[in-house]
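Student: Mind looking over this structure? Questions follow.
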Amino acid sequence: MNVCFSYPPFTKGHEGTGSAFAYLQDLGWLSSLSAGARVNAPDFKLFQIDMGLTKEGETHWEEVASVIFAYCRLLREKAKKEDDRDTTGSLRRIWKEMSELDKIFFHETSPGGSYNYVPALCSRVVSYGTEACLSAGSMLDEDEGTLPISDFARFSDLLVPENCLIERCSKAAYEEMESDKDRIFAEGFGLKKERWYGVEYFLSPIKNQVVSVWKGDGDAPDSTETKNNSIYPKELSLPQPNRYIPQTLDLCPELPEDARKGPRIEKPIDPPSLLVNE
């Protein structure tokens, strides 16, 4: 089953301990999760979270949504605790790590094949101009002090159930539609047909009780309660410090001279050494 959340903008991936992905995968409910811009226009952007649920996860899709909204509340609370003068917060540390990785990828990655690279570059010239077309979006000038924390808080305020569309694409969702298509719904809901291609889809409201839980107003098992009545599972947290970001890209001084000069194309590869023979 695929579930899509559509929102206004942002983020980069987090699949480690404390992430919504890891939490839902440990429950056996999730097989994939991605997030990013679904619609990207000069004056409008739609943020989407796309999840592939397991068969068991599909029966718990409302709880899956609750976990996603809980992580959004976590982000919102963390953003409101940090201010523009605080340079030691977790969000600023993550922002710095992202910028460090972006700098490495920008300087160490080849541009790729010209067939795809040139059209993409032309598009970026139109959007960013000739000076920034190569580096735009790579965070080359960012550090922990440049995080626009007030904008982050403002955007995180938008990640709430009232501002969201949820799309379910699965056999079970279709069967639910089939069983409900003759039911009388309020105006605007029920069985619909897409204008241009004639594809049928079903539009239904979400129960108020479910929305209340998604907003953190209801009780959640095994949870941590924070200020403003926001509740999220205790397993959810921001990413831990990334210990694997290199501090320098200089070659190790112990490398032999021929290895330091580049690929050893003309030198034959040494034969492997037998370690165990059983």
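Please note that chains go A, B, ... in the order of the structure tokens, that every chain numbers its residues from 1, and that ligands are numbered from 1 in the order shown.
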Please report, as a count of residues only, each residue of region 182-215 of chain A to which DSSP assigns alpha helix (DSSP H) when run on this structure's backbone.

Tutor: 7

Student: Skipping near chain neighbours, those fewer than 2 positions away, what residues fall within 12 Å of Leu147 (chain A) using only C-alpha atoms, listed as a PDB file with all heavy atoms, in the first residue's frame?

Tutor:
ATOM      1  N   ALA A  79      11.983  23.322  17.243  1.00  0.00           N
ATOM      2  CA  ALA A  79      12.204  24.616  16.588  1.00  0.00           C
ATOM      3  C   ALA A  79      11.849  25.775  17.505  1.00  0.00           C
ATOM      4  O   ALA A  79      12.532  26.802  17.532  1.00  0.00           O
ATOM      5  CB  ALA A  79      11.390  24.689  15.304  1.00  0.00           C
ATOM      6  N   GLU A  82      14.565  26.604  20.243  1.00  0.00           N
ATOM      7  CA  GLU A  82      15.791  27.266  19.798  1.00  0.00           C
ATOM      8  C   GLU A  82      15.436  28.643  19.256  1.00  0.00           C
ATOM      9  O   GLU A  82      14.382  28.834  18.668  1.00  0.00           O
ATOM     10  CB  GLU A  82      16.490  26.433  18.720  1.00  0.00           C
ATOM     11  CG  GLU A  82      16.943  25.061  19.220  1.00  0.00           C
ATOM     12  CD  GLU A  82      17.731  24.291  18.172  1.00  0.00           C
ATOM     13  OE1 GLU A  82      18.274  24.946  17.256  1.00  0.00           O
ATOM     14  OE2 GLU A  82      17.800  23.058  18.275  1.00  0.00           O
ATOM     15  N   ASP A  83      16.323  29.583  19.445  1.00  0.00           N
ATOM     16  CA  ASP A  83      16.085  30.916  18.904  1.00  0.00           C
ATOM     17  C   ASP A  83      17.263  31.330  18.028  1.00  0.00           C
ATOM     18  O   ASP A  83      18.241  30.609  17.892  1.00  0.00           O
ATOM     19  CB  ASP A  83      15.836  31.949  20.007  1.00  0.00           C
ATOM     20  CG  ASP A  83      16.987  32.026  21.002  1.00  0.00           C
ATOM     21  OD1 ASP A  83      18.152  31.987  20.555  1.00  0.00           O
ATOM     22  OD2 ASP A  83      16.732  32.123  22.212  1.00  0.00           O
ATOM     23  N   ASP A  84      17.161  32.515  17.444  1.00  0.00           N
ATOM     24  CA  ASP A  84      18.171  32.970  16.488  1.00  0.00           C
ATOM     25  C   ASP A  84      19.532  33.221  17.131  1.00  0.00           C
ATOM     26  O   ASP A  84      20.544  33.315  16.444  1.00  0.00           O
ATOM     27  CB  ASP A  84      17.683  34.249  15.793  1.00  0.00           C
ATOM     28  CG  ASP A  84      16.483  33.960  14.890  1.00  0.00           C
ATOM     29  OD1 ASP A  84      16.438  32.859  14.333  1.00  0.00           O
ATOM     30  OD2 ASP A  84      15.601  34.838  14.779  1.00  0.00           O
ATOM     31  N   ARG A  85      19.577  33.350  18.453  1.00  0.00           N
ATOM     32  CA  ARG A  85      20.854  33.619  19.129  1.00  0.00           C
ATOM     33  C   ARG A  85      21.532  32.354  19.622  1.00  0.00           C
ATOM     34  O   ARG A  85      22.708  32.357  19.972  1.00  0.00           O
ATOM     35  CB  ARG A  85      20.616  34.569  20.301  1.00  0.00           C
ATOM     36  CG  ARG A  85      20.176  35.976  19.881  1.00  0.00           C
ATOM     37  CD  ARG A  85      19.621  36.747  21.044  1.00  0.00           C
ATOM     38  NE  ARG A  85      18.379  36.142  21.537  1.00  0.00           N
ATOM     39  CZ  ARG A  85      17.678  36.587  22.564  1.00  0.00           C
ATOM     40  NH1 ARG A  85      18.096  37.650  23.224  1.00  0.00           N
ATOM     41  NH2 ARG A  85      16.568  35.996  22.924  1.00  0.00           N
ATOM     42  N   ASP A  86      20.795  31.249  19.644  1.00  0.00           N
ATOM     43  CA  ASP A  86      21.333  29.988  20.151  1.00  0.00           C
ATOM     44  C   ASP A  86      22.009  29.228  19.021  1.00  0.00           C
ATOM     45  O   ASP A  86      21.377  28.872  18.029  1.00  0.00           O
ATOM     46  CB  ASP A  86      20.190  29.148  20.730  1.00  0.00           C
ATOM     47  CG  ASP A  86      20.679  27.818  21.301  1.00  0.00           C
ATOM     48  OD1 ASP A  86      21.913  27.655  21.438  1.00  0.00           O
ATOM     49  OD2 ASP A  86      19.842  26.956  21.592  1.00  0.00           O
ATOM     50  N   THR A  87      23.298  28.994  19.144  1.00  0.00           N
ATOM     51  CA  THR A  87      24.047  28.287  18.097  1.00  0.00           C
ATOM     52  C   THR A  87      24.450  26.884  18.531  1.00  0.00           C
ATOM     53  O   THR A  87      25.264  26.243  17.882  1.00  0.00           O
ATOM     54  CB  THR A  87      25.323  29.071  17.716  1.00  0.00           C
ATOM     55  OG1 THR A  87      26.146  29.222  18.889  1.00  0.00           O
ATOM     56  CG2 THR A  87      24.973  30.430  17.152  1.00  0.00           C
ATOM     57  N   THR A  88      23.858  26.378  19.617  1.00  0.00           N
ATOM     58  CA  THR A  88      24.267  25.071  20.139  1.00  0.00           C
ATOM     59  C   THR A  88      23.137  24.044  20.097  1.00  0.00           C
ATOM     60  O   THR A  88      23.311  22.933  20.561  1.00  0.00           O
ATOM     61  CB  THR A  88      24.746  25.208  21.596  1.00  0.00           C
ATOM     62  OG1 THR A  88      23.670  25.711  22.409  1.00  0.00           O
ATOM     63  CG2 THR A  88      25.931  26.146  21.691  1.00  0.00           C
ATOM     64  N   GLY A  89      21.994  24.406  19.546  1.00  0.00           N
ATOM     65  CA  GLY A  89      20.853  23.505  19.549  1.00  0.00           C
ATOM     66  C   GLY A  89      21.019  22.334  18.595  1.00  0.00           C
ATOM     67  O   GLY A  89      21.878  22.333  17.704  1.00  0.00           O
ATOM     68  N   SER A  90      20.162  21.316  18.770  1.00  0.00           N
ATOM     69  CA  SER A  90      20.220  20.111  17.941  1.00  0.00           C
ATOM     70  C   SER A  90      19.933  20.416  16.478  1.00  0.00           C
ATOM     71  O   SER A  90      20.576  19.862  15.577  1.00  0.00           O
ATOM     72  CB  SER A  90      19.221  19.074  18.456  1.00  0.00           C
ATOM     73  OG  SER A  90      19.548  18.667  19.764  1.00  0.00           O
ATOM     74  N   LEU A  91      18.963  21.285  16.224  1.00  0.00           N
ATOM     75  CA  LEU A  91      18.624  21.607  14.840  1.00  0.00           C
ATOM     76  C   LEU A  91      19.785  22.293  14.136  1.00  0.00           C
ATOM     77  O   LEU A  91      20.060  22.026  12.965  1.00  0.00           O
ATOM     78  CB  LEU A  91      17.383  22.498  14.799  1.00  0.00           C
ATOM     79  CG  LEU A  91      16.065  21.836  15.217  1.00  0.00           C
ATOM     80  CD1 LEU A  91      14.941  22.860  15.240  1.00  0.00           C
ATOM     81  CD2 LEU A  91      15.704  20.690  14.272  1.00  0.00           C
ATOM     82  N   ARG A  92      20.493  23.165  14.848  1.00  0.00           N
ATOM     83  CA  ARG A  92      21.647  23.843  14.247  1.00  0.00           C
ATOM     84  C   ARG A  92      22.789  22.860  14.007  1.00  0.00           C
ATOM     85  O   ARG A  92      23.511  22.964  13.018  1.00  0.00           O
ATOM     86  CB  ARG A  92      22.094  24.999  15.136  1.00  0.00           C
ATOM     87  CG  ARG A  92      21.078  26.118  15.199  1.00  0.00           C
ATOM     88  CD  ARG A  92      21.628  27.348  15.900  1.00  0.00           C
ATOM     89  NE  ARG A  92      20.608  28.392  15.981  1.00  0.00           N
ATOM     90  CZ  ARG A  92      20.307  29.217  14.996  1.00  0.00           C
ATOM     91  NH1 ARG A  92      20.957  29.126  13.857  1.00  0.00           N
ATOM     92  NH2 ARG A  92      19.362  30.127  15.145  1.00  0.00           N
ATOM     93  N   ARG A  93      22.943  21.900  14.910  1.00  0.00           N
ATOM     94  CA  ARG A  93      23.980  20.874  14.711  1.00  0.00           C
ATOM     95  C   ARG A  93      23.663  20.038  13.469  1.00  0.00           C
ATOM     96  O   ARG A  93      24.554  19.739  12.662  1.00  0.00           O
ATOM     97  CB  ARG A  93      24.036  19.990  15.957  1.00  0.00           C
ATOM     98  CG  ARG A  93      25.156  18.948  15.934  1.00  0.00           C
ATOM     99  CD  ARG A  93      24.647  17.572  15.598  1.00  0.00           C
ATOM    100  NE  ARG A  93      23.580  17.184  16.505  1.00  0.00           N
ATOM    101  CZ  ARG A  93      22.761  16.165  16.256  1.00  0.00           C
ATOM    102  NH1 ARG A  93      22.870  15.479  15.149  1.00  0.00           N
ATOM    103  NH2 ARG A  93      21.793  15.863  17.128  1.00  0.00           N
ATOM    104  N   ILE A  94      22.385  19.678  13.279  1.00  0.00           N
ATOM    105  CA  ILE A  94      21.979  18.903  12.105  1.00  0.00           C
ATOM    106  C   ILE A  94      22.155  19.730  10.837  1.00  0.00           C
ATOM    107  O   ILE A  94      22.617  19.235   9.804  1.00  0.00           O
ATOM    108  CB  ILE A  94      20.512  18.455  12.262  1.00  0.00           C
ATOM    109  CG1 ILE A  94      20.397  17.487  13.439  1.00  0.00           C
ATOM    110  CG2 ILE A  94      20.003  17.795  10.983  1.00  0.00           C
ATOM    111  CD1 ILE A  94      18.964  17.186  13.845  1.00  0.00           C
ATOM    112  N   TRP A  95      21.801  21.017  10.907  1.00  0.00           N
ATOM    113  CA  TRP A  95      21.984  21.923   9.761  1.00  0.00           C
ATOM    114  C   TRP A  95      23.452  21.996   9.354  1.00  0.00           C
ATOM    115  O   TRP A  95      23.785  21.956   8.163  1.00  0.00           O
ATOM    116  CB  TRP A  95      21.454  23.293  10.152  1.00  0.00           C
ATOM    117  CG  TRP A  95      21.550  24.366   9.104  1.00  0.00           C
ATOM    118  CD1 TRP A  95      22.525  25.315   8.998  1.00  0.00           C
ATOM    119  CD2 TRP A  95      20.625  24.619   8.042  1.00  0.00           C
ATOM    120  NE1 TRP A  95      22.266  26.147   7.945  1.00  0.00           N
ATOM    121  CE2 TRP A  95      21.105  25.751   7.329  1.00  0.00           C
ATOM    122  CE3 TRP A  95      19.442  24.010   7.622  1.00  0.00           C
ATOM    123  CZ2 TRP A  95      20.444  26.260   6.220  1.00  0.00           C
ATOM    124  CZ3 TRP A  95      18.777  24.533   6.520  1.00  0.00           C
ATOM    125  CH2 TRP A  95      19.280  25.636   5.839  1.00  0.00           C
ATOM    126  N   LYS A  96      24.342  22.059  10.342  1.00  0.00           N
ATOM    127  CA  LYS A  96      25.772  22.112  10.051  1.00  0.00           C
ATOM    128  C   LYS A  96      26.233  20.808   9.397  1.00  0.00           C
ATOM    129  O   LYS A  96      27.011  20.827   8.425  1.00  0.00           O
ATOM    130  CB  LYS A  96      26.557  22.351  11.342  1.00  0.00           C
ATOM    131  CG  LYS A  96      28.066  22.393  11.139  1.00  0.00           C
ATOM    132  CD  LYS A  96      28.792  22.562  12.469  1.00  0.00           C
ATOM    133  CE  LYS A  96      30.303  22.542  12.254  1.00  0.00           C
ATOM    134  NZ  LYS A  96      31.042  22.650  13.540  1.00  0.00           N
ATOM    135  N   GLU A  97      25.769  19.661   9.908  1.00  0.00           N
ATOM    136  CA  GLU A  97      26.156  18.377   9.326  1.00  0.00           C
ATOM    137  C   GLU A  97      25.681  18.273   7.877  1.00  0.00           C
ATOM    138  O   GLU A  97      26.409  17.787   7.005  1.00  0.00           O
ATOM    139  CB  GLU A  97      25.577  17.233  10.157  1.00  0.00           C
ATOM    140  CG  GLU A  97      26.215  17.087  11.537  1.00  0.00           C
ATOM    141  CD  GLU A  97      25.592  15.968  12.336  1.00  0.00           C
ATOM    142  OE1 GLU A  97      24.575  15.394  11.869  1.00  0.00           O
ATOM    143  OE2 GLU A  97      26.112  15.652  13.415  1.00  0.00           O
ATOM    144  N   MET A  98      24.452  18.732   7.629  1.00  0.00           N
ATOM    145  CA  MET A  98      23.935  18.710   6.262  1.00  0.00           C
ATOM    146  C   MET A  98      24.784  19.563   5.338  1.00  0.00           C
ATOM    147  O   MET A  98      25.087  19.174   4.200  1.00  0.00           O
ATOM    148  CB  MET A  98      22.479  19.197   6.259  1.00  0.00           C
ATOM    149  CG  MET A  98      21.492  18.233   6.897  1.00  0.00           C
ATOM    150  SD  MET A  98      19.881  19.002   7.244  1.00  0.00           S
ATOM    151  CE  MET A  98      19.463  19.690   5.655  1.00  0.00           C
ATOM    152  N   SER A  99      25.194  20.729   5.819  1.00  0.00           N
ATOM    153  CA  SER A  99      26.008  21.611   4.983  1.00  0.00           C
ATOM    154  C   SER A  99      27.378  21.003   4.724  1.00  0.00           C
ATOM    155  O   SER A  99      27.921  21.123   3.617  1.00  0.00           O
ATOM    156  CB  SER A  99      26.139  22.987   5.634  1.00  0.00           C
ATOM    157  OG  SER A  99      26.918  22.926   6.828  1.00  0.00           O
ATOM    158  N   MET A 139      24.331  24.400  -0.181  1.00  0.00           N
ATOM    159  CA  MET A 139      24.647  24.859   1.169  1.00  0.00           C
ATOM    160  C   MET A 139      26.129  25.175   1.354  1.00  0.00           C
ATOM    161  O   MET A 139      26.699  24.939   2.423  1.00  0.00           O
ATOM    162  CB  MET A 139      24.201  23.824   2.205  1.00  0.00           C
ATOM    163  CG  MET A 139      22.716  23.508   2.151  1.00  0.00           C
ATOM    164  SD  MET A 139      22.192  22.283   3.388  1.00  0.00           S
ATOM    165  CE  MET A 139      22.372  23.231   4.906  1.00  0.00           C
ATOM    166  N   ASP A 141      27.677  27.970   1.610  1.00  0.00           N
ATOM    167  CA  ASP A 141      27.955  29.097   2.506  1.00  0.00           C
ATOM    168  C   ASP A 141      27.226  28.973   3.840  1.00  0.00           C
ATOM    169  O   ASP A 141      27.080  29.951   4.577  1.00  0.00           O
ATOM    170  CB  ASP A 141      27.550  30.416   1.833  1.00  0.00           C
ATOM    171  CG  ASP A 141      28.323  30.668   0.555  1.00  0.00           C
ATOM    172  OD1 ASP A 141      29.541  30.384   0.541  1.00  0.00           O
ATOM    173  OD2 ASP A 141      27.714  31.125  -0.423  1.00  0.00           O
ATOM    174  N   GLU A 142      26.743  27.765   4.159  1.00  0.00           N
ATOM    175  CA  GLU A 142      25.959  27.581   5.386  1.00  0.00           C
ATOM    176  C   GLU A 142      26.808  26.984   6.506  1.00  0.00           C
ATOM    177  O   GLU A 142      27.791  26.278   6.268  1.00  0.00           O
ATOM    178  CB  GLU A 142      24.769  26.658   5.115  1.00  0.00           C
ATOM    179  CG  GLU A 142      23.889  27.067   3.945  1.00  0.00           C
ATOM    180  CD  GLU A 142      23.132  28.347   4.189  1.00  0.00           C
ATOM    181  OE1 GLU A 142      23.047  28.778   5.356  1.00  0.00           O
ATOM    182  OE2 GLU A 142      22.613  28.925   3.216  1.00  0.00           O
ATOM    183  N   ASP A 143      26.414  27.293   7.744  1.00  0.00           N
ATOM    184  CA  ASP A 143      26.993  26.670   8.929  1.00  0.00           C
ATOM    185  C   ASP A 143      25.932  26.698  10.022  1.00  0.00           C
ATOM    186  O   ASP A 143      24.777  27.062   9.769  1.00  0.00           O
ATOM    187  CB  ASP A 143      28.293  27.359   9.364  1.00  0.00           C
ATOM    188  CG  ASP A 143      28.104  28.852   9.610  1.00  0.00           C
ATOM    189  OD1 ASP A 143      27.005  29.254  10.053  1.00  0.00           O
ATOM    190  OD2 ASP A 143      29.041  29.616   9.375  1.00  0.00           O
ATOM    191  N   GLU A 144      26.310  26.330  11.260  1.00  0.00           N
ATOM    192  CA  GLU A 144      25.307  26.256  12.320  1.00  0.00           C
ATOM    193  C   GLU A 144      24.669  27.610  12.636  1.00  0.00           C
ATOM    194  O   GLU A 144      23.568  27.679  13.199  1.00  0.00           O
ATOM    195  CB  GLU A 144      25.910  25.672  13.604  1.00  0.00           C
ATOM    196  CG  GLU A 144      26.979  26.518  14.256  1.00  0.00           C
ATOM    197  CD  GLU A 144      28.364  26.235  13.726  1.00  0.00           C
ATOM    198  OE1 GLU A 144      28.468  25.700  12.606  1.00  0.00           O
ATOM    199  OE2 GLU A 144      29.344  26.534  14.428  1.00  0.00           O
ATOM    200  N   GLY A 145      25.322  28.692  12.250  1.00  0.00           N
ATOM    201  CA  GLY A 145      24.788  30.006  12.555  1.00  0.00           C
ATOM    202  C   GLY A 145      23.832  30.558  11.514  1.00  0.00           C
ATOM    203  O   GLY A 145      23.229  31.611  11.722  1.00  0.00           O
ATOM    204  N   ILE A 149      15.964  29.679  11.764  1.00  0.00           N
ATOM    205  CA  ILE A 149      15.157  28.941  12.729  1.00  0.00           C
ATOM    206  C   ILE A 149      13.718  29.457  12.780  1.00  0.00           C
ATOM    207  O   ILE A 149      12.774  28.674  12.962  1.00  0.00           O
ATOM    208  CB  ILE A 149      15.806  28.991  14.130  1.00  0.00           C
ATOM    209  CG1 ILE A 149      15.164  27.963  15.059  1.00  0.00           C
ATOM    210  CG2 ILE A 149      15.772  30.382  14.705  1.00  0.00           C
ATOM    211  CD1 ILE A 149      15.415  26.547  14.688  1.00  0.00           C
ATOM    212  N   SER A 150      13.526  30.758  12.608  1.00  0.00           N
ATOM    213  CA  SER A 150      12.166  31.298  12.642  1.00  0.00           C
ATOM    214  C   SER A 150      11.351  30.804  11.449  1.00  0.00           C
ATOM    215  O   SER A 150      10.160  30.496  11.580  1.00  0.00           O
ATOM    216  CB  SER A 150      12.195  32.825  12.674  1.00  0.00           C
ATOM    217  OG  SER A 150      12.921  33.335  11.566  1.00  0.00           O
ATOM    218  N   ASP A 151      11.988  30.708  10.280  1.00  0.00           N
ATOM    219  CA  ASP A 151      11.293  30.169   9.106  1.00  0.00           C
ATOM    220  C   ASP A 151      11.011  28.685   9.289  1.00  0.00           C
ATOM    221  O   ASP A 151       9.948  28.191   8.895  1.00  0.00           O
ATOM    222  CB  ASP A 151      12.135  30.376   7.847  1.00  0.00           C
ATOM    223  CG  ASP A 151      12.194  31.834   7.418  1.00  0.00           C
ATOM    224  OD1 ASP A 151      11.264  32.581   7.779  1.00  0.00           O
ATOM    225  OD2 ASP A 151      13.162  32.214   6.745  1.00  0.00           O
ATOM    226  N   PHE A 152      11.966  27.968   9.872  1.00  0.00           N
ATOM    227  CA  PHE A 152      11.770  26.541  10.139  1.00  0.00           C
ATOM    228  C   PHE A 152      10.562  26.333  11.052  1.00  0.00           C
ATOM    229  O   PHE A 152       9.729  25.451  10.812  1.00  0.00           O
ATOM    230  CB  PHE A 152      13.027  25.945  10.775  1.00  0.00           C
ATOM    231  CG  PHE A 152      12.974  24.459  10.960  1.00  0.00           C
ATOM    232  CD1 PHE A 152      13.485  23.605   9.998  1.00  0.00           C
ATOM    233  CD2 PHE A 152      12.403  23.908  12.101  1.00  0.00           C
ATOM    234  CE1 PHE A 152      13.423  22.219  10.174  1.00  0.00           C
ATOM    235  CE2 PHE A 152      12.342  22.534  12.281  1.00  0.00           C
ATOM    236  CZ  PHE A 152      12.851  21.690  11.307  1.00  0.00           C
ATOM    237  N   ALA A 153      10.471  27.140  12.100  1.00  0.00           N
ATOM    238  CA  ALA A 153       9.340  27.041  13.018  1.00  0.00           C
ATOM    239  C   ALA A 153       8.030  27.375  12.314  1.00  0.00           C
ATOM    240  O   ALA A 153       6.997  26.728  12.547  1.00  0.00           O
ATOM    241  CB  ALA A 153       9.551  27.964  14.210  1.00  0.00           C
TER     242      ALA A 153
END

Student: From region 22-64 of chain A, collect each residue whose DSSP state is strand (DSSP E) and return the set as a list in words.

Tutor: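 Answer for region 22-64 of chain A restricted to strand (DSSP E) is Leu30, Ser31, Ser32, Leu33, Ser34, Ala35, Gly36, Ala37, Arg38, Val39, Asn40, Ala41, Phe44, Lys45, Leu46, Phe47, Gln48, Ile49, Asp50, Met51, Gly52 and Leu53 of chain A.
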
Student: Go ahead and dump the residues you just picked, C-alpha atoms, as a short mmCIF file (atom, residue, chain, number, x, y, z; two decimals), in the first residue's frame.

Tutor:
data_model
loop_
_atom_site.label_atom_id
_atom_site.label_comp_id
_atom_site.auth_asym_id
_atom_site.auth_seq_id
_atom_site.Cartn_x
_atom_site.Cartn_y
_atom_site.Cartn_z
CA LEU A 30 6.63 0.06 6.74
CA SER A 31 8.86 -0.97 3.84
CA SER A 32 9.78 2.43 2.35
CA LEU A 33 9.53 6.14 3.07
CA SER A 34 10.57 9.17 1.07
CA ALA A 35 9.92 12.88 1.43
CA GLY A 36 10.35 15.89 -0.79
CA ALA A 37 8.68 18.35 -3.12
CA ARG A 38 5.76 16.95 -5.10
CA VAL A 39 4.94 20.22 -6.83
CA ASN A 40 7.68 22.82 -7.17
CA ALA A 41 6.70 26.19 -8.66
CA PHE A 44 4.06 27.46 -4.63
CA LYS A 45 5.38 24.17 -3.31
CA LEU A 46 3.70 20.99 -2.12
CA PHE A 47 5.63 18.79 0.33
CA GLN A 48 4.95 15.06 0.14
CA ILE A 49 5.72 12.08 2.37
CA ASP A 50 5.36 8.86 0.37
CA MET A 51 5.24 5.56 2.30
CA GLY A 52 5.01 1.95 1.21
CA LEU A 53 3.16 -0.02 3.91
#

Student: So that I can check the surroundings of region 199-202 of chain A, please list as a list in words every protein, DNA and RNA residue that reaches within 12 Å of it, counting only C-alpha atoms and ignoring chain neighbours fewer than 6 positions away.

Tutor: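 My list of contacting residues is Ile166, Glu167, Arg168, Cys169, Ser170, Ala173, Tyr174, Glu175, Glu176, Met177, Glu178, Ser179, Asp180, Lys181, Asp182, Arg183, Phe185, Gly188, Phe189, Gly190, Leu191, Lys192 and Lys193 of chain A.
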
Student: Can you spit out the residues from that selection as a PDB file, in the first residue's frame, using N, CA and C atoms?

Tutor:
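Written out: again-v2.pdb:
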ATOM      1  N   ILE A 166      -4.388  13.135   2.502  1.00  0.00           N
ATOM      2  CA  ILE A 166      -3.844  11.782   2.585  1.00  0.00           C
ATOM      3  C   ILE A 166      -4.398  10.950   1.435  1.00  0.00           C
ATOM      4  N   GLU A 167      -3.506  10.347   0.658  1.00  0.00           N
ATOM      5  CA  GLU A 167      -3.896   9.493  -0.455  1.00  0.00           C
ATOM      6  C   GLU A 167      -3.548   8.041  -0.131  1.00  0.00           C
ATOM      7  N   ARG A 168      -4.514   7.164  -0.285  1.00  0.00           N
ATOM      8  CA  ARG A 168      -4.283   5.728  -0.088  1.00  0.00           C
ATOM      9  C   ARG A 168      -4.444   5.034  -1.433  1.00  0.00           C
ATOM     10  N   CYS A 169      -3.434   4.252  -1.805  1.00  0.00           N
ATOM     11  CA  CYS A 169      -3.457   3.530  -3.078  1.00  0.00           C
ATOM     12  C   CYS A 169      -3.203   2.058  -2.792  1.00  0.00           C
ATOM     13  N   SER A 170      -4.279   1.255  -2.712  1.00  0.00           N
ATOM     14  CA  SER A 170      -4.134  -0.164  -2.412  1.00  0.00           C
ATOM     15  C   SER A 170      -5.417  -0.899  -2.734  1.00  0.00           C
ATOM     16  N   ALA A 173      -7.939  -0.285   0.068  1.00  0.00           N
ATOM     17  CA  ALA A 173      -8.567   1.026  -0.033  1.00  0.00           C
ATOM     18  C   ALA A 173      -9.643   1.014  -1.111  1.00  0.00           C
ATOM     19  N   TYR A 174      -9.378   0.312  -2.220  1.00  0.00           N
ATOM     20  CA  TYR A 174     -10.371   0.208  -3.287  1.00  0.00           C
ATOM     21  C   TYR A 174     -11.603  -0.564  -2.816  1.00  0.00           C
ATOM     22  N   GLU A 175     -11.364  -1.654  -2.053  1.00  0.00           N
ATOM     23  CA  GLU A 175     -12.493  -2.436  -1.549  1.00  0.00           C
ATOM     24  C   GLU A 175     -13.328  -1.623  -0.569  1.00  0.00           C
ATOM     25  N   GLU A 176     -12.680  -0.782   0.223  1.00  0.00           N
ATOM     26  CA  GLU A 176     -13.423   0.107   1.124  1.00  0.00           C
ATOM     27  C   GLU A 176     -14.275   1.088   0.326  1.00  0.00           C
ATOM     28  N   MET A 177     -13.713   1.582  -0.770  1.00  0.00           N
ATOM     29  CA  MET A 177     -14.462   2.495  -1.628  1.00  0.00           C
ATOM     30  C   MET A 177     -15.682   1.794  -2.213  1.00  0.00           C
ATOM     31  N   GLU A 178     -15.476   0.544  -2.676  1.00  0.00           N
ATOM     32  CA  GLU A 178     -16.574  -0.200  -3.269  1.00  0.00           C
ATOM     33  C   GLU A 178     -17.715  -0.401  -2.280  1.00  0.00           C
ATOM     34  N   SER A 179     -17.368  -0.666  -1.018  1.00  0.00           N
ATOM     35  CA  SER A 179     -18.399  -0.904  -0.016  1.00  0.00           C
ATOM     36  C   SER A 179     -19.110   0.371   0.410  1.00  0.00           C
ATOM     37  N   ASP A 180     -18.456   1.535   0.189  1.00  0.00           N
ATOM     38  CA  ASP A 180     -19.020   2.803   0.652  1.00  0.00           C
ATOM     39  C   ASP A 180     -19.582   3.679  -0.471  1.00  0.00           C
ATOM     40  N   LYS A 181     -19.439   3.240  -1.724  1.00  0.00           N
ATOM     41  CA  LYS A 181     -19.758   4.155  -2.818  1.00  0.00           C
ATOM     42  C   LYS A 181     -21.240   4.506  -2.902  1.00  0.00           C
ATOM     43  N   ASP A 182     -22.117   3.668  -2.326  1.00  0.00           N
ATOM     44  CA  ASP A 182     -23.547   3.963  -2.356  1.00  0.00           C
ATOM     45  C   ASP A 182     -24.015   4.737  -1.128  1.00  0.00           C
ATOM     46  N   ARG A 183     -23.086   4.946  -0.173  1.00  0.00           N
ATOM     47  CA  ARG A 183     -23.441   5.676   1.032  1.00  0.00           C
ATOM     48  C   ARG A 183     -23.559   7.172   0.716  1.00  0.00           C
ATOM     49  N   PHE A 185     -22.821  10.855   1.266  1.00  0.00           N
ATOM     50  CA  PHE A 185     -21.809  11.677   1.916  1.00  0.00           C
ATOM     51  C   PHE A 185     -22.203  13.148   1.842  1.00  0.00           C
ATOM     52  N   GLY A 188     -19.392  17.221  -1.795  1.00  0.00           N
ATOM     53  CA  GLY A 188     -17.963  17.257  -2.087  1.00  0.00           C
ATOM     54  C   GLY A 188     -17.261  15.944  -1.840  1.00  0.00           C
ATOM     55  N   PHE A 189     -17.908  14.998  -1.152  1.00  0.00           N
ATOM     56  CA  PHE A 189     -17.293  13.707  -0.868  1.00  0.00           C
ATOM     57  C   PHE A 189     -18.003  12.593  -1.644  1.00  0.00           C
ATOM     58  N   GLY A 190     -17.374  11.400  -1.632  1.00  0.00           N
ATOM     59  CA  GLY A 190     -17.952  10.250  -2.311  1.00  0.00           C
ATOM     60  C   GLY A 190     -17.168   9.876  -3.550  1.00  0.00           C
ATOM     61  N   LEU A 191     -17.776   9.060  -4.418  1.00  0.00           N
ATOM     62  CA  LEU A 191     -17.134   8.587  -5.639  1.00  0.00           C
ATOM     63  C   LEU A 191     -17.009   9.723  -6.648  1.00  0.00           C
ATOM     64  N   LYS A 192     -15.808   9.901  -7.188  1.00  0.00           N
ATOM     65  CA  LYS A 192     -15.537  10.982  -8.133  1.00  0.00           C
ATOM     66  C   LYS A 192     -14.937  10.405  -9.412  1.00  0.00           C
ATOM     67  N   LYS A 193     -14.910  11.222 -10.452  1.00  0.00           N
ATOM     68  CA  LYS A 193     -14.256  10.831 -11.698  1.00  0.00           C
ATOM     69  C   LYS A 193     -13.361  11.969 -12.153  1.00  0.00           C
TER      70      LYS A 193
END

Student: Rank nothing, just name the residue among A:Gly28, A:Cys164, A:His107, A:Asp258 nearest to Val211 (chain A), using only C-alpha atoms.

Tutor: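 Distance minimum relative to Val211 (chain A) lands on A:Cys164.
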